[in-house]
file input.csv (CSV, C-alpha atoms and all ligand atoms)
chain,number,residue,atom,x,y,z
A,1,MET,CA,0.0,0.0,0.0
A,2,LYS,CA,1.3,3.4,-1.0
A,3,VAL,CA,1.5,6.3,1.5
A,4,PRO,CA,-0.2,9.6,0.8
A,5,PRO,CA,1.9,12.2,-1.1
A,6,PRO,CA,4.0,14.5,1.1
A,7,THR,CA,3.9,18.3,1.0
A,8,PRO,CA,3.0,20.5,-0.6
A,9,SER,CA,-0.4,19.7,0.8
A,10,TRP,CA,-2.3,21.2,-2.1
A,11,LEU,CA,-1.3,18.2,-4.2
A,12,ALA,CA,-3.9,15.4,-4.5
A,13,PRO,CA,-2.9,11.8,-5.2
A,14,ILE,CA,-3.1,10.8,-8.8
A,15,GLU,CA,-6.5,9.1,-9.2
A,16,LEU,CA,-7.2,9.4,-12.9
A,17,VAL,CA,-4.7,9.1,-15.7
A,18,VAL,CA,-6.1,10.2,-19.1
A,19,VAL,CA,-4.0,8.7,-21.8
A,20,GLN,CA,-4.1,9.9,-25.4
A,21,GLY,CA,-2.9,6.6,-26.9
A,22,THR,CA,-3.5,8.3,-30.2
A,23,SER,CA,-4.9,11.7,-31.1
A,24,PHE,CA,-6.2,10.4,-34.4
A,25,CYS,CA,-10.0,10.2,-34.8
A,26,ASN,CA,-12.0,8.5,-37.6
A,27,LEU,CA,-14.7,11.1,-37.1
A,28,ASN,CA,-14.7,14.9,-37.5
A,29,CYS,CA,-17.3,16.1,-35.0
A,30,LYS,CA,-18.0,19.8,-35.4
A,31,TYR,CA,-17.6,20.7,-31.7
A,32,CYS,CA,-14.4,18.7,-31.1
A,33,TYR,CA,-11.9,20.6,-28.9
A,34,LEU,CA,-8.9,19.0,-30.6
A,35,SER,CA,-7.5,20.8,-33.6
A,36,GLU,CA,-7.9,19.2,-37.0
A,37,GLU,CA,-4.1,18.7,-37.3
A,38,THR,CA,-4.1,16.8,-34.0
A,39,ARG,CA,-7.1,14.6,-35.0
A,40,ARG,CA,-5.5,13.7,-38.4
A,41,ASN,CA,-2.2,12.7,-36.7
A,42,ARG,CA,-2.0,8.9,-36.8
A,43,SER,CA,0.9,8.5,-34.4
A,44,ARG,CA,0.4,6.4,-31.3
A,45,ILE,CA,2.2,6.0,-28.0
A,46,PRO,CA,4.5,3.0,-28.5
A,47,LEU,CA,4.0,0.1,-26.1
A,48,GLU,CA,7.4,0.4,-24.6
A,49,LYS,CA,6.6,4.1,-23.8
A,50,ILE,CA,3.4,3.1,-22.1
A,51,SER,CA,5.4,0.8,-19.8
A,52,GLU,CA,7.9,3.5,-19.2
A,53,TYR,CA,5.3,6.1,-18.3
A,54,PHE,CA,3.4,3.8,-16.0
A,55,MET,CA,6.6,2.7,-14.3
A,56,LYS,CA,7.3,6.4,-13.5
A,57,ILE,CA,3.7,6.9,-12.2
A,58,LEU,CA,3.2,3.7,-10.3
A,59,SER,CA,6.6,3.7,-8.6
A,60,SER,CA,6.1,7.2,-7.4
A,61,GLN,CA,4.8,8.5,-4.1
A,62,TYR,CA,1.9,10.2,-5.9
A,63,VAL,CA,-0.4,7.3,-6.2
A,64,GLN,CA,-2.4,5.6,-3.3
A,65,ASN,CA,-4.2,2.4,-3.7
A,66,ARG,CA,-6.1,2.7,-7.0
A,67,LEU,CA,-5.8,4.2,-10.4
A,68,ILE,CA,-8.3,4.7,-13.1
A,69,VAL,CA,-6.8,4.8,-16.6
A,70,ASN,CA,-9.1,6.6,-19.1
A,71,TRP,CA,-8.3,6.2,-22.9
A,72,HIS,CA,-9.5,9.3,-24.5
A,73,SER,CA,-8.7,12.5,-26.5
A,74,GLY,CA,-8.7,10.9,-29.9
A,75,GLU,CA,-10.7,7.7,-30.8
A,76,PRO,CA,-9.1,5.0,-28.6
A,77,LEU,CA,-10.5,2.0,-30.6
A,78,VAL,CA,-8.5,2.9,-33.7
A,79,LEU,CA,-5.5,1.3,-32.0
A,80,GLY,CA,-7.2,-2.1,-32.1
A,81,ALA,CA,-8.0,-4.5,-29.2
A,82,ASP,CA,-4.5,-6.3,-29.4
A,83,TYR,CA,-2.8,-3.0,-28.4
A,84,TYR,CA,-4.9,-2.7,-25.3
A,85,GLU,CA,-4.5,-6.5,-24.4
A,86,THR,CA,-0.8,-5.8,-24.2
A,87,VAL,CA,-1.2,-2.4,-22.4
A,88,ILE,CA,-3.6,-3.8,-19.8
A,89,SER,CA,-1.4,-6.7,-18.9
A,90,ARG,CA,1.8,-4.6,-18.8
A,91,ILE,CA,0.3,-2.0,-16.5
A,92,ALA,CA,-1.2,-4.7,-14.3
A,93,GLU,CA,2.3,-6.3,-14.0
A,94,ILE,CA,4.0,-3.0,-13.2
A,95,ALA,CA,1.3,-2.2,-10.6
A,96,ARG,CA,1.8,-5.6,-8.9
A,97,ASP,CA,5.6,-5.2,-8.9
A,98,THR,CA,5.6,-1.6,-7.6
A,99,CYS,CA,2.5,-1.2,-5.5
A,100,GLY,CA,1.7,-4.8,-4.3
A,101,PRO,CA,-1.1,-7.2,-5.2
A,102,ASP,CA,-3.9,-5.2,-3.7
A,103,PHE,CA,-3.4,-2.2,-5.9
A,104,GLN,CA,-6.3,-1.8,-8.3
A,105,VAL,CA,-6.0,-0.5,-11.9
A,106,LEU,CA,-9.3,0.1,-13.7
A,107,HIS,CA,-9.5,1.1,-17.4
A,108,ASP,CA,-12.2,3.2,-19.0
A,109,PHE,CA,-12.7,3.8,-22.8
A,110,GLN,CA,-14.4,6.8,-24.1
A,111,THR,CA,-15.4,6.0,-27.7
A,112,ASN,CA,-17.6,7.2,-30.5
A,113,GLY,CA,-18.8,3.6,-30.9
A,114,THR,CA,-18.4,3.4,-34.7
A,115,LEU,CA,-15.6,0.9,-34.6
A,116,ILE,CA,-17.2,-1.6,-32.1
A,117,ASN,CA,-17.2,-5.0,-33.7
A,118,LYS,CA,-17.2,-8.6,-32.4
A,119,ARG,CA,-13.6,-8.5,-31.5
A,120,TRP,CA,-14.1,-5.5,-29.3
A,121,CYS,CA,-17.1,-7.1,-27.7
A,122,GLU,CA,-15.0,-10.1,-26.9
A,123,PHE,CA,-12.4,-7.8,-25.4
A,124,PHE,CA,-14.9,-5.9,-23.3
A,125,LYS,CA,-16.5,-9.2,-22.1
A,126,GLN,CA,-13.1,-10.7,-21.2
A,127,HIS,CA,-12.1,-7.6,-19.2
A,128,ARG,CA,-15.5,-6.7,-17.8
A,129,ASP,CA,-14.1,-6.7,-14.2
A,130,THR,CA,-11.6,-4.0,-14.9
A,131,VAL,CA,-12.8,-2.3,-18.0
A,132,THR,CA,-15.7,0.1,-18.5
A,133,LEU,CA,-16.7,2.1,-21.6
A,134,GLY,CA,-18.7,5.2,-22.5
A,135,VAL,CA,-20.2,5.7,-25.9
A,136,SER,CA,-20.7,9.3,-27.2
A,137,CYS,CA,-24.1,9.7,-28.8
A,138,ASP,CA,-26.1,12.9,-29.0
A,139,GLY,CA,-29.6,11.3,-29.2
A,140,PRO,CA,-32.0,10.9,-32.1
A,141,GLN,CA,-30.6,10.8,-35.6
A,142,THR,CA,-31.1,14.5,-36.7
A,143,LEU,CA,-29.6,15.8,-33.4
A,144,HIS,CA,-26.7,13.4,-33.5
A,145,ASN,CA,-25.9,13.9,-37.1
A,146,ALA,CA,-26.0,17.7,-36.8
A,147,TYR,CA,-22.6,17.7,-35.1
A,148,ARG,CA,-21.2,14.1,-35.1
A,149,ARG,CA,-19.9,13.9,-38.7
A,150,ASP,CA,-17.2,12.0,-40.4
A,151,TRP,CA,-14.4,13.5,-42.5
A,152,ARG,CA,-16.6,13.4,-45.6
A,153,GLU,CA,-19.3,15.4,-43.8
A,154,GLY,CA,-21.6,12.4,-43.5
A,155,GLY,CA,-23.7,11.7,-40.4
A,156,THR,CA,-22.5,8.9,-38.1
A,157,PHE,CA,-25.7,8.0,-36.3
A,158,GLU,CA,-26.1,4.6,-38.0
A,159,ARG,CA,-22.5,3.5,-37.3
A,160,THR,CA,-22.7,4.6,-33.6
A,161,LEU,CA,-26.1,2.8,-33.2
A,162,SER,CA,-24.7,-0.4,-34.8
A,163,GLY,CA,-21.9,-0.4,-32.2
A,164,ILE,CA,-24.4,0.1,-29.4
A,165,ARG,CA,-26.6,-2.7,-30.8
A,166,LEU,CA,-23.5,-5.0,-30.8
A,167,LEU,CA,-22.8,-4.2,-27.2
A,168,ILE,CA,-26.4,-5.0,-26.2
A,169,GLU,CA,-26.3,-8.3,-28.2
A,170,HIS,CA,-23.2,-9.2,-26.2
A,171,ASP,CA,-24.8,-8.2,-22.9
A,172,ILE,CA,-22.1,-5.5,-22.3
A,173,ARG,CA,-23.2,-2.6,-20.1
A,174,PHE,CA,-21.9,0.8,-21.1
A,175,GLY,CA,-22.3,4.5,-20.3
A,176,LEU,CA,-23.9,7.0,-22.7
A,177,ILE,CA,-22.5,10.5,-23.0
A,178,ALA,CA,-24.3,13.2,-25.0
A,179,VAL,CA,-23.5,16.7,-26.0
A,180,ILE,CA,-26.7,18.7,-25.8
A,181,SER,CA,-26.8,21.5,-28.5
A,182,PRO,CA,-29.0,24.6,-28.4
A,183,ARG,CA,-31.3,22.9,-30.9
A,184,ALA,CA,-31.7,19.8,-28.7
A,185,LEU,CA,-33.1,21.9,-25.9
A,186,ASN,CA,-36.3,22.2,-27.9
A,187,HIS,CA,-36.6,18.4,-28.2
A,188,SER,CA,-36.4,17.4,-24.6
A,189,ASP,CA,-39.1,14.7,-24.8
A,190,GLU,CA,-37.4,13.0,-27.9
A,191,VAL,CA,-34.0,13.2,-26.1
A,192,TYR,CA,-35.4,11.7,-23.0
A,193,ASP,CA,-37.3,8.9,-24.9
A,194,PHE,CA,-34.2,8.1,-26.9
A,195,PHE,CA,-31.8,7.6,-24.0
A,196,ASN,CA,-34.5,6.1,-21.7
A,197,SER,CA,-35.0,3.3,-24.3
A,198,TYR,CA,-31.4,2.1,-23.4
A,199,ARG,CA,-31.9,2.3,-19.6
A,200,GLU,CA,-31.6,-1.4,-19.1
A,201,HIS,CA,-28.3,-1.6,-20.8
A,202,VAL,CA,-26.6,1.6,-19.6
A,203,SER,CA,-24.7,2.1,-16.3
A,204,GLU,CA,-25.3,5.8,-16.5
A,205,PHE,CA,-26.2,8.6,-18.9
A,206,ARG,CA,-24.4,11.9,-18.8
A,207,PHE,CA,-24.8,15.1,-20.8
A,208,ASN,CA,-22.7,18.2,-21.4
A,209,LEU,CA,-24.3,21.3,-22.6
A,210,LEU,CA,-22.7,22.7,-25.8
A,211,ASP,CA,-21.6,26.2,-24.8
A,212,ASP,CA,-22.0,27.4,-28.3
A,213,PHE,CA,-24.9,29.8,-28.0
A,214,PRO,CA,-24.8,32.6,-30.6
A,215,ASP,CA,-25.3,36.0,-29.1
A,216,ASP,CA,-27.0,37.1,-32.3
A,217,GLY,CA,-30.5,37.5,-31.0
A,218,GLU,CA,-31.8,34.3,-32.7
A,219,LEU,CA,-30.8,32.2,-29.8
A,220,SER,CA,-29.4,34.5,-27.2
A,221,TYR,CA,-28.0,33.4,-23.9
A,222,ALA,CA,-31.1,34.7,-22.1
A,223,HIS,CA,-33.4,32.6,-24.3
A,224,SER,CA,-31.0,29.6,-23.9
A,225,GLU,CA,-31.1,29.9,-20.1
A,226,GLN,CA,-34.9,29.5,-20.2
A,227,ASP,CA,-34.7,26.8,-22.8
A,228,TYR,CA,-32.2,24.9,-20.7
A,229,TYR,CA,-34.3,25.3,-17.6
A,230,ASP,CA,-37.3,23.9,-19.4
A,231,PHE,CA,-35.3,21.1,-20.9
A,232,LEU,CA,-34.0,20.1,-17.4
A,233,LYS,CA,-37.5,20.3,-15.9
A,234,THR,CA,-38.9,18.0,-18.6
A,235,LEU,CA,-36.2,15.4,-17.9
A,236,LEU,CA,-36.8,15.7,-14.1
A,237,ASN,CA,-40.6,15.4,-14.6
A,238,ARG,CA,-40.2,12.4,-16.9
A,239,LEU,CA,-38.0,10.7,-14.4
A,240,GLU,CA,-40.4,11.4,-11.6
A,241,ALA,CA,-43.3,10.0,-13.6
A,242,THR,CA,-41.5,6.6,-14.1
A,243,PRO,CA,-43.4,3.9,-12.3
A,244,ALA,CA,-41.6,2.6,-9.2
A,245,ALA,CA,-41.5,-0.9,-10.6
A,246,GLU,CA,-39.5,0.2,-13.7
A,247,GLN,CA,-35.8,0.8,-13.9
A,248,ILE,CA,-35.0,4.5,-13.9
A,249,LEU,CA,-32.5,6.0,-16.3
A,250,ASN,CA,-29.5,7.0,-14.2
A,251,ILE,CA,-28.8,10.6,-15.2
A,252,LYS,CA,-25.4,11.2,-13.7
A,253,ASN,CA,-25.7,15.0,-13.8
A,254,PHE,CA,-28.7,14.8,-11.5
A,255,SER,CA,-27.6,12.1,-9.2
A,256,TYR,CA,-24.2,13.8,-8.7
A,257,PHE,CA,-25.8,17.1,-7.9
A,258,TYR,CA,-28.2,15.7,-5.3
A,259,GLU,CA,-25.4,13.7,-3.7
A,260,GLN,CA,-23.4,16.9,-3.3
A,261,LEU,CA,-26.4,18.7,-1.9
A,262,THR,CA,-27.0,16.0,0.7
A,263,ALA,CA,-23.4,15.3,1.6
A,264,PRO,CA,-22.6,15.7,5.3
A,265,SER,CA,-21.1,19.2,5.9
A,266,GLU,CA,-17.9,17.8,7.4
A,267,SER,CA,-17.1,16.4,3.9
A,268,ALA,CA,-17.3,19.9,2.5
A,269,SER,CA,-14.0,21.2,3.8
A,270,ILE,CA,-13.0,21.8,0.2
A,271,SER,CA,-15.4,23.1,-2.5
A,272,PRO,CA,-16.4,20.8,-5.4
A,273,ALA,CA,-14.6,23.3,-7.8
A,274,GLU,CA,-11.4,23.1,-5.8
A,275,PHE,CA,-11.6,19.4,-5.4
A,276,MET,CA,-12.2,18.7,-9.1
A,277,SER,CA,-9.2,20.8,-10.1
A,278,GLN,CA,-6.7,19.8,-7.4
A,279,PRO,CA,-3.3,19.3,-9.0
A,280,LEU,CA,-2.5,15.7,-9.9
A,281,ARG,CA,-6.0,14.3,-9.2
A,282,ALA,CA,-6.4,14.1,-13.0
A,283,PHE,CA,-3.1,13.5,-14.8
A,284,ASN,CA,-3.2,13.7,-18.6
A,285,ILE,CA,-0.6,12.1,-20.9
A,286,GLU,CA,-0.6,13.3,-24.5
A,287,ARG,CA,0.6,11.1,-27.3
A,288,ASN,CA,4.0,12.8,-27.3
A,289,GLY,CA,4.5,12.3,-23.5
A,290,ASP,CA,3.4,15.9,-22.6
A,291,ILE,CA,1.8,16.1,-19.2
A,292,SER,CA,-0.9,18.4,-17.9
A,293,THR,CA,-3.2,18.3,-14.9
A,294,PHE,CA,-6.1,20.3,-13.2
A,295,TYR,CA,-8.7,19.2,-15.7
A,296,ALA,CA,-9.3,15.6,-17.0
A,297,GLY,CA,-8.5,15.4,-20.7
A,298,VAL,CA,-7.2,18.9,-21.2
A,299,THR,CA,-4.5,19.1,-23.9
A,300,GLN,CA,-2.2,21.8,-25.3
A,301,ASP,CA,-4.8,22.7,-27.9
A,302,GLU,CA,-6.7,24.4,-25.1
A,303,CYS,CA,-5.5,28.1,-24.6
A,304,PRO,CA,-2.0,27.3,-26.0
A,305,ASN,CA,-0.5,30.7,-25.3
A,306,ILE,CA,-1.9,31.3,-21.8
A,307,TYR,CA,1.5,31.0,-20.2
A,308,GLY,CA,3.5,32.2,-23.2
A,309,ASP,CA,5.1,28.9,-24.2
A,310,GLY,CA,2.5,27.7,-26.7
A,311,LYS,CA,1.8,24.7,-24.6
A,312,GLY,CA,-1.3,25.6,-22.7
A,313,LEU,CA,-1.4,23.9,-19.3
A,314,VAL,CA,1.4,21.4,-20.2
A,315,ILE,CA,3.8,21.2,-17.2
A,316,GLY,CA,6.4,18.7,-18.5
A,317,ASN,CA,7.1,15.7,-20.6
A,318,LEU,CA,7.4,12.2,-19.3
A,319,ASN,CA,10.1,11.3,-21.9
A,320,VAL,CA,12.6,13.7,-20.4
A,321,ASP,CA,11.4,14.9,-17.0
A,322,SER,CA,11.1,12.9,-13.8
A,323,LEU,CA,7.7,13.0,-12.1
A,324,ASP,CA,9.2,14.9,-9.2
A,325,ASP,CA,10.5,17.6,-11.6
A,326,ILE,CA,7.1,17.9,-13.2
A,327,VAL,CA,5.3,18.1,-9.8
A,328,MET,CA,7.7,20.7,-8.5
A,329,SER,CA,7.7,22.8,-11.7
A,330,ALA,CA,7.3,26.5,-11.4
A,331,LYS,CA,4.6,26.4,-14.1
A,332,LEU,CA,2.5,24.0,-12.1
A,333,GLN,CA,2.8,26.3,-9.1
A,334,LYS,CA,1.9,29.3,-11.2
A,335,ILE,CA,-1.3,27.6,-12.6
A,336,HIS,CA,-2.2,26.5,-9.1
A,337,GLY,CA,-1.9,30.1,-7.9
A,338,ASP,CA,-4.0,31.4,-10.7
A,339,PHE,CA,-6.8,28.8,-10.2
A,340,GLU,CA,-6.7,29.5,-6.4
A,341,LEU,CA,-7.3,33.2,-7.2
A,342,SER,CA,-10.1,32.2,-9.5
A,343,HIS,CA,-11.8,30.0,-6.8
A,344,SER,CA,-11.3,32.5,-4.0
A,345,THR,CA,-12.9,35.3,-6.1
A,346,CYS,CA,-15.9,33.1,-6.8
A,347,ALA,CA,-16.1,32.0,-3.1
A,348,LYS,CA,-16.4,35.7,-2.1
A,349,SER,CA,-19.0,36.7,-4.5
A,350,CYS,CA,-21.0,33.8,-6.0
A,351,PRO,CA,-23.9,32.3,-4.0
A,352,TYR,CA,-23.6,29.2,-6.1
A,353,TYR,CA,-20.0,28.5,-5.2
A,354,SER,CA,-20.7,25.6,-2.9
A,355,VAL,CA,-22.4,23.6,-5.7
A,356,CYS,CA,-20.3,24.8,-8.6
A,357,PRO,CA,-18.4,21.9,-10.1
A,358,GLY,CA,-15.8,24.3,-11.4
A,359,GLY,CA,-14.0,23.9,-14.7
A,360,TYR,CA,-14.5,27.6,-15.6
A,361,ASN,CA,-11.1,29.0,-14.9
A,362,LEU,CA,-9.9,28.8,-18.5
A,363,ILE,CA,-13.2,30.2,-19.7
A,364,LYS,CA,-12.9,33.2,-17.4
A,365,TYR,CA,-9.4,33.8,-18.8
A,366,LYS,CA,-10.7,33.4,-22.4
A,367,ARG,CA,-13.6,35.8,-21.7
A,368,PHE,CA,-11.9,38.4,-19.5
A,369,GLY,CA,-8.2,37.8,-19.8
A,370,ARG,CA,-7.9,37.4,-16.0
A,371,PHE,CA,-8.6,34.9,-13.2
A,372,ASP,CA,-10.0,37.2,-10.6
A,373,ALA,CA,-13.3,37.4,-12.5
A,374,THR,CA,-16.5,35.7,-11.6
A,375,GLU,CA,-19.6,35.1,-13.6
A,376,THR,CA,-19.3,34.1,-17.3
A,377,PRO,CA,-22.3,33.4,-19.6
A,378,GLU,CA,-21.2,29.8,-19.5
A,379,CYS,CA,-21.5,29.5,-15.7
A,380,ARG,CA,-24.8,31.4,-15.7
A,381,ILE,CA,-26.3,28.7,-17.8
A,382,GLN,CA,-24.4,25.6,-16.9
A,383,VAL,CA,-24.2,26.2,-13.1
A,384,LYS,CA,-26.8,28.7,-12.1
A,385,THR,CA,-29.7,27.6,-14.4
A,386,PHE,CA,-28.9,24.0,-13.7
A,387,THR,CA,-28.9,24.5,-10.0
A,388,ASN,CA,-32.1,26.6,-10.1
A,389,ALA,CA,-33.9,23.8,-12.1
A,390,LEU,CA,-32.9,21.0,-9.7
A,391,ILE,CA,-33.6,23.0,-6.6
A,392,ASP,CA,-36.9,24.1,-7.9
A,393,HIS,CA,-37.8,20.6,-8.7
A,394,ILE,CA,-37.3,19.3,-5.2
A,395,ASN,CA,-38.7,22.5,-3.6
A,396,PRO,CA,-41.4,24.0,-5.9
A,397,GLU,CA,-42.6,26.3,-3.1
A,398,SER,CA,-39.5,28.5,-3.6
A,399,ALA,CA,-39.3,28.2,-7.3
A,400,SER,CA,-36.8,30.6,-8.9
A,401,VAL,CA,-37.6,33.5,-11.2
A,402,GLN,CA,-36.8,31.3,-14.1
A,403,ASN,CA,-39.9,29.3,-13.4
A,404,GLY,CA,-41.9,32.4,-14.0
A,405,GLU,CA,-43.7,32.1,-10.7
B,501,LIG,S1,-21.0,29.7,-11.1
B,501,LIG,FE1,-19.4,30.9,-12.1
B,501,LIG,S2,-19.1,32.7,-10.7
B,501,LIG,FE2,-20.2,31.1,-9.6
B,501,LIG,S3,-18.7,29.9,-8.5
B,501,LIG,FE3,-19.0,28.8,-10.5
B,501,LIG,S4,-17.5,29.7,-11.8
B,501,LIG,FE4,-17.7,31.1,-10.1

call {"tool": "encode", "arguments": {"input": "input.csv", "output": "structure tokens"}}
result
Amino acid sequence: MKVPPPTPSWLAPIELVVVQGTSFCNLNCKYCYLSEETRRNRSRIPLEKISEYFMKILSSQYVQNRLIVNWHSGEPLVLGADYYETVISRIAEIARDTCGPDFQVLHDFQTNGTLINKRWCEFFKQHRDTVTLGVSCDGPQTLHNAYRRDWREGGTFERTLSGIRLLIEHDIRFGLIAVISPRALNHSDEVYDFFNSYREHVSEFRFNLLDDFPDDGELSYAHSEQDYYDFLKTLLNRLEATPAAEQILNIKNFSYFYEQLTAPSESASISPAEFMSQPLRAFNIERNGDISTFYAGVTQDECPNIYGDGKGLVIGNLNVDSLDDIVMSAKLQKIHGDFELSHSTCAKSCPYYSVCPGGYNLIKYKRFGRFDATETPECRIQVKTFTNALIDHINPESASVQNGE
């Protein structure tokens, strides 16, 4: 068993390693946060490098008794099941040798679903005790195909659905992850019906709101806040109307929020925003060995010039730096200071801070060029409108202004 990391105390143990085995993707989704150049690059992390990286991580003082490895930031399935057979057994071997037999390594794949075939189903079945997967699907065909396109601009709904059907045929449970576009907000019942039809096969359903609302009057943020509020209320009402004898769709956004709300106060010594962005908790490895932390899955494509080196939040490279050097780097301390300033500014002025999941530090910087800012249009809709809808649902007596009451 590993001991907790030493000082500085603001470091968290590494819990999640997001590995970009390849940044290549067979699709060209319109909202992808990776650049086109990155997504067309077919290079992969060689197997010997994976072993080297995990040797550095697992033999360090920065892990405790469990690690989740998430394969993401590019389509992981393009590397083929044999690649992961080797990777999983090598990482397990390194974990046994460095951390002892009780150390647990779990793997999670975030896929667009289009490459799932019988071989992949065998793989997922064989590793079902240690491997989970989430499939990205945006709902009914027209909503999905509006953004989830291939390189020839074709829709990908049928290919994603065929992967989902194969998983169901092979009795493999999976998560569903959707991006909800402004247009989808006006189709709340169809969205609910679509995802609810898979409830017996999915471990959870999560959605992210596409923060792509034009301020052009047609769909302004103010309209969108109301649309989002109404969308959430429909989902909540539909869940509530599900007969007790039926399985209820596990909408993770809702269950997580209510868990936070009802958590005992002694567990709230750190806010959700600070917790989620504690340095090291999420540890990202890009295909060239570059390392970043603070947010799961962030890459150097995000705000590349924020610290003047063209590398975004990258704090080192596992090919040339020791983990201790990366952890003690001046840049990591600088980012930590900036994020602390961002959180403390929110804590002083925002009544939603105790439930805000965070993740808005870079958006603040993009919007205002500084970290000591507070409300952005994104947090108004994603945090405040979301919170209002969920609180109003459990406490209709004190329904917010958004409810029009
Ligand atoms: S909702 Fe916005 S302003 Fe409020 S705490 Fe979150 S990031 Fe800060």

call {"tool": "residues_around", "arguments": {"input": "input.csv", "residues": "segment 155-170 of chain A", "least_positions_apart": "2", "cutoff": "10 Å", "atoms": "all atoms listed in the file", "output": "ChimeraX atom specification"}}
result
/A:27-29,111-118,120-122,124-125,135-153,172-174,176,198,200-202

call {"tool": "residues_near_ligand", "arguments": {"input": "input.csv", "ligand": "ligand LIG 501 (chain B)", "cutoff": "8 Å", "atoms": "only C-alpha atoms and all ligand atoms", "output": "short mmCIF file (atom, residue, chain, number, x, y, z; two decimals) with C-alpha atoms, in the frame of the given file"}}
result
data_model
loop_
_atom_site.label_atom_id
_atom_site.label_comp_id
_atom_site.auth_asym_id
_atom_site.auth_seq_id
_atom_site.Cartn_x
_atom_site.Cartn_y
_atom_site.Cartn_z
CA ALA A 273 -14.60 23.30 -7.80
CA SER A 342 -10.10 32.20 -9.50
CA HIS A 343 -11.80 30.00 -6.80
CA THR A 345 -12.90 35.30 -6.10
CA CYS A 346 -15.90 33.10 -6.80
CA ALA A 347 -16.10 32.00 -3.10
CA SER A 349 -19.00 36.70 -4.50
CA CYS A 350 -21.00 33.80 -6.00
CA PRO A 351 -23.90 32.30 -4.00
CA TYR A 352 -23.60 29.20 -6.10
CA TYR A 353 -20.00 28.50 -5.20
CA SER A 354 -20.70 25.60 -2.90
CA VAL A 355 -22.40 23.60 -5.70
CA CYS A 356 -20.30 24.80 -8.60
CA PRO A 357 -18.40 21.90 -10.10
CA GLY A 358 -15.80 24.30 -11.40
CA GLY A 359 -14.00 23.90 -14.70
CA TYR A 360 -14.50 27.60 -15.60
CA ASN A 361 -11.10 29.00 -14.90
CA ALA A 373 -13.30 37.40 -12.50
CA THR A 374 -16.50 35.70 -11.60
CA GLU A 375 -19.60 35.10 -13.60
CA THR A 376 -19.30 34.10 -17.30
CA GLU A 378 -21.20 29.80 -19.50
CA CYS A 379 -21.50 29.50 -15.70
CA ARG A 380 -24.80 31.40 -15.70
CA GLN A 382 -24.40 25.60 -16.90
CA VAL A 383 -24.20 26.20 -13.10
CA LYS A 384 -26.80 28.70 -12.10
#

call {"tool": "closest_atom_pairs", "arguments": {"input": "input.csv", "of": "segment 312-390 of chain A", "to": "segment 220-244 of chain A", "cutoff": "7 Å", "atoms": "all atoms listed in the file", "output": "CSV"}}
result
residue,atom,partner,partner_atom,distance
A:Ile381,CA,A:Glu225,CA,5.5
A:Thr385,CA,A:Tyr229,CA,6.1
A:Phe386,CA,A:Tyr229,CA,6.8
A:Ala389,CA,A:Tyr229,CA,5.7

call {"tool": "write_last_selection", "arguments": {"input": "input.csv", "atoms": "C-alpha atoms", "output": "PDB file, keeping the file's coordinate frame"}}
result
ATOM      1  CA  ILE A 381     -26.300  28.700 -17.800  1.00  0.00           C
ATOM      2  CA  THR A 385     -29.700  27.600 -14.400  1.00  0.00           C
ATOM      3  CA  PHE A 386     -28.900  24.000 -13.700  1.00  0.00           C
ATOM      4  CA  ALA A 389     -33.900  23.800 -12.100  1.00  0.00           C
TER       5      ALA A 389
END

call {"tool": "atom_distance", "arguments": {"input": "input.csv", "atom1": "atom CA of Ile248 of chain A", "atom2": "atom CA of Ile391 of chain A"}}
result
19.9 Å

call {"tool": "closest_residue", "arguments": {"input": "input.csv", "among": "A:Gly310, A:Pro396, A:Pro304, A:Pro279", "to": "Lys334 of chain A", "atoms": "all atoms listed in the file"}}
result
A:Pro279

call {"tool": "closest_residue", "arguments": {"input": "input.csv", "among": "A:Leu67, A:Val191, A:Ile306, A:Leu210", "to": "Val179 of chain A", "atoms": "only C-alpha atoms"}}
result
A:Leu210

call {"tool": "build_atoms", "arguments": {"input": "input.csv", "residues": "segment 237-244 of chain A", "atoms": "N, CA and C atoms", "output": "PDB file, in the frame of the given file"}}
result
ATOM      1  N   ASN A 237     -39.170  15.814 -14.665  1.00  0.00           N
ATOM      2  CA  ASN A 237     -40.600  15.400 -14.600  1.00  0.00           C
ATOM      3  C   ASN A 237     -40.769  13.997 -15.141  1.00  0.00           C
ATOM      4  N   ARG A 238     -40.093  13.721 -16.245  1.00  0.00           N
ATOM      5  CA  ARG A 238     -40.200  12.400 -16.900  1.00  0.00           C
ATOM      6  C   ARG A 238     -39.647  11.321 -15.941  1.00  0.00           C
ATOM      7  N   LEU A 239     -38.533  11.637 -15.303  1.00  0.00           N
ATOM      8  CA  LEU A 239     -38.000  10.700 -14.400  1.00  0.00           C
ATOM      9  C   LEU A 239     -38.919  10.404 -13.215  1.00  0.00           C
ATOM     10  N   GLU A 240     -39.482  11.488 -12.717  1.00  0.00           N
ATOM     11  CA  GLU A 240     -40.400  11.400 -11.600  1.00  0.00           C
ATOM     12  C   GLU A 240     -41.631  10.564 -11.919  1.00  0.00           C
ATOM     13  N   ALA A 241     -42.034  10.649 -13.181  1.00  0.00           N
ATOM     14  CA  ALA A 241     -43.300  10.000 -13.600  1.00  0.00           C
ATOM     15  C   ALA A 241     -43.020   8.470 -13.890  1.00  0.00           C
ATOM     16  N   THR A 242     -41.756   8.037 -13.809  1.00  0.00           N
ATOM     17  CA  THR A 242     -41.500   6.600 -14.100  1.00  0.00           C
ATOM     18  C   THR A 242     -42.062   5.762 -12.970  1.00  0.00           C
ATOM     19  N   PRO A 243     -42.872   4.755 -13.317  1.00  0.00           N
ATOM     20  CA  PRO A 243     -43.400   3.900 -12.300  1.00  0.00           C
ATOM     21  C   PRO A 243     -42.351   3.255 -11.429  1.00  0.00           C
ATOM     22  N   ALA A 244     -42.608   3.140 -10.140  1.00  0.00           N
ATOM     23  CA  ALA A 244     -41.600   2.600  -9.200  1.00  0.00           C
ATOM     24  C   ALA A 244     -41.074   1.254  -9.618  1.00  0.00           C
TER      25      ALA A 244
END
